[in-house]
Amino acid sequence: MRPIAYITLAFAPVVALAMYLYLGRKYGKAFQKVLIRSFLAGVLGVSVLAAAKILSSLLGLNDLRSLKRLIFYSFITIGFATELGKFILYRFYIIPKKAVDKPIHGITMSVMTALGFCTIALPGFMLDLFHTQALYPYTLYTFVFVPANIMFAVVMGFFVGMGKFIKTYFMFTLTGLFGAAFFQGLFTFTLMTSDFKLLSLFAFGSTVIVFILGIKAAVTEPEID
């Protein structure tokens, strides 16, 4: 891995700090507190990914000898475990806060959770703390890791955040979790297979989807009972 890749370690904390300062001035101290808690929720969420990787290693599932193993590793060991780690505290601790009073705030807190996750997970990946056998294009992965997780956070944040204000909360919540997990898994799969054409299509498609979801959340106001 090239030395320049180490500058990516600053991406997540710098973006998180910028969000904290800007949104804190705009919405006040109560909102800032929830932003901090969201960031810490993401930090703690790394433990789920760590547990999944360790368990996968103990069961021999990190030995990627076949396409089935590769798919399982990409979508379950990495994709689902990563998003589940972010989801648990975000859904049950962050979203119920009074400061999350608009759908767009659901996305905001989800992004902050993802930034907390990336702040810890990226150094862990670069140092290979969990001794996985997955072969990534390391330098590329470090540069796209944070932007990709921000996009997946928008997917989760849109559905879980929107779900707070509608009756079909359960279905929206599951859609947010599994939608983000699918995108995370597909992202991992394209990198591990070095399928850069598929990665380019994935990047374009996911960017369009994230843009549409962001606009939809921004213009949606919760209904007053």
# chains A, B, ... in the order shown; residues from 1 in each chain; ligands from 1

$ residues_around --residues "A:Thr220" --least-positions-apart "2" --cutoff "9 Å" --atoms "only C-alpha atoms" --output "number ranges by chain"
A: 102-104, 162, 215-218, 222

$ closest_atom_pairs --of "stretch 143-200 of chain A" --to "stretch 8-28 of chain A" --cutoff "12 Å" --atoms "only C-alpha atoms" --output "tab-separated table"
residue	atom	partner	partner_atom	distance
A:Phe143	CA	A:Thr8	CA	6.0
A:Val144	CA	A:Thr8	CA	9.0
A:Phe145	CA	A:Thr8	CA	8.8
A:Val146	CA	A:Ala12	CA	6.4
A:Pro147	CA	A:Ala12	CA	8.9
A:Ala148	CA	A:Ala12	CA	11.4
A:Asn149	CA	A:Ala12	CA	9.9
A:Ile150	CA	A:Ala12	CA	9.4

$ atom_distance --atom1 "atom CA of A:Leu213" --atom2 "atom CA of A:Phe183"
14.4 Å

$ residues_around --residues "A:Gly214" --least-positions-apart "2" --cutoff "12 Å" --atoms "only C-alpha atoms" --output "ChimeraX atom specification"
/A:103-108,111,150-159,161-162,206-212,216-220

$ write_last_selection --atoms "C-alpha atoms" --output "PDB file, in the first residue's frame"
ATOM      1  CA  PRO A 103     -36.422  12.864   7.732  1.00  0.00           C
ATOM      2  CA  ILE A 104     -33.284  14.708   6.624  1.00  0.00           C
ATOM      3  CA  HIS A 105     -32.002  14.586  10.204  1.00  0.00           C
ATOM      4  CA  GLY A 106     -32.223  10.805  10.020  1.00  0.00           C
ATOM      5  CA  ILE A 107     -29.769  10.912   7.131  1.00  0.00           C
ATOM      6  CA  THR A 108     -27.558  13.403   8.966  1.00  0.00           C
ATOM      7  CA  VAL A 111     -23.847   9.801   8.066  1.00  0.00           C
ATOM      8  CA  ILE A 150     -21.327   7.890   3.486  1.00  0.00           C
ATOM      9  CA  MET A 151     -23.455   6.848   0.512  1.00  0.00           C
ATOM     10  CA  PHE A 152     -24.593   3.670   2.271  1.00  0.00           C
ATOM     11  CA  ALA A 153     -25.411   5.779   5.326  1.00  0.00           C
ATOM     12  CA  VAL A 154     -27.727   7.926   3.197  1.00  0.00           C
ATOM     13  CA  VAL A 155     -29.611   4.794   2.126  1.00  0.00           C
ATOM     14  CA  MET A 156     -30.018   3.589   5.710  1.00  0.00           C
ATOM     15  CA  GLY A 157     -30.723   7.060   7.039  1.00  0.00           C
ATOM     16  CA  PHE A 158     -33.402   7.778   4.469  1.00  0.00           C
ATOM     17  CA  PHE A 159     -35.497   4.705   5.196  1.00  0.00           C
ATOM     18  CA  GLY A 161     -35.319   8.281   9.353  1.00  0.00           C
ATOM     19  CA  MET A 162     -38.389   8.434   7.133  1.00  0.00           C
ATOM     20  CA  SER A 206     -25.524   4.431  -6.208  1.00  0.00           C
ATOM     21  CA  THR A 207     -24.658   8.130  -6.539  1.00  0.00           C
ATOM     22  CA  VAL A 208     -27.878   8.766  -8.479  1.00  0.00           C
ATOM     23  CA  ILE A 209     -29.923   6.818  -5.921  1.00  0.00           C
ATOM     24  CA  VAL A 210     -28.318   8.621  -2.990  1.00  0.00           C
ATOM     25  CA  PHE A 211     -28.920  12.009  -4.633  1.00  0.00           C
ATOM     26  CA  ILE A 212     -32.603  11.217  -5.175  1.00  0.00           C
ATOM     27  CA  LYS A 216     -36.634  13.460  -1.157  1.00  0.00           C
ATOM     28  CA  ALA A 217     -35.721  13.576   2.535  1.00  0.00           C
ATOM     29  CA  ALA A 218     -34.836  17.280   2.367  1.00  0.00           C
ATOM     30  CA  VAL A 219     -38.195  18.321   0.943  1.00  0.00           C
ATOM     31  CA  THR A 220     -40.293  16.005   3.121  1.00  0.00           C
TER      32      THR A 220
END

$ atom_distance --atom1 "atom CA of A:Ile4" --atom2 "atom CA of A:Glu83"
27.6 Å

$ residues_around --residues "A:Met126" --least-positions-apart "5" --cutoff "10 Å" --atoms "only C-alpha atoms" --output "list in words"
Met1, Ala5, Tyr6, Leu9, Ala121, Tyr138, Thr139, Tyr141 and Thr142 of chain A

$ write_last_selection --atoms "C-alpha atoms" --output "PDB file, in the first residue's frame"
ATOM      1  CA  MET A   1       0.000   0.000   0.000  1.00  0.00           C
ATOM      2  CA  ALA A   5      -3.014   6.169   1.357  1.00  0.00           C
ATOM      3  CA  TYR A   6      -2.405   7.068   4.996  1.00  0.00           C
ATOM      4  CA  LEU A   9      -7.182   8.283   7.880  1.00  0.00           C
ATOM      5  CA  ALA A 121     -12.555   0.642  10.909  1.00  0.00           C
ATOM      6  CA  TYR A 138      -5.585  -1.602  -0.898  1.00  0.00           C
ATOM      7  CA  THR A 139      -4.788   1.934  -2.014  1.00  0.00           C
ATOM      8  CA  TYR A 141     -10.017   0.823  -1.129  1.00  0.00           C
ATOM      9  CA  THR A 142      -8.643   3.321   1.388  1.00  0.00           C
TER      10      THR A 142
END

$ closest_residue --among "A:Phe117, A:Phe87, A:Phe187, A:Phe202" --to "A:Thr175" --atoms "only C-alpha atoms"
A:Phe87

$ closest_residue --among "A:Leu61, A:Leu70, A:Met112, A:Phe178" --to "A:Gln32" --atoms "only C-alpha atoms"
A:Met112
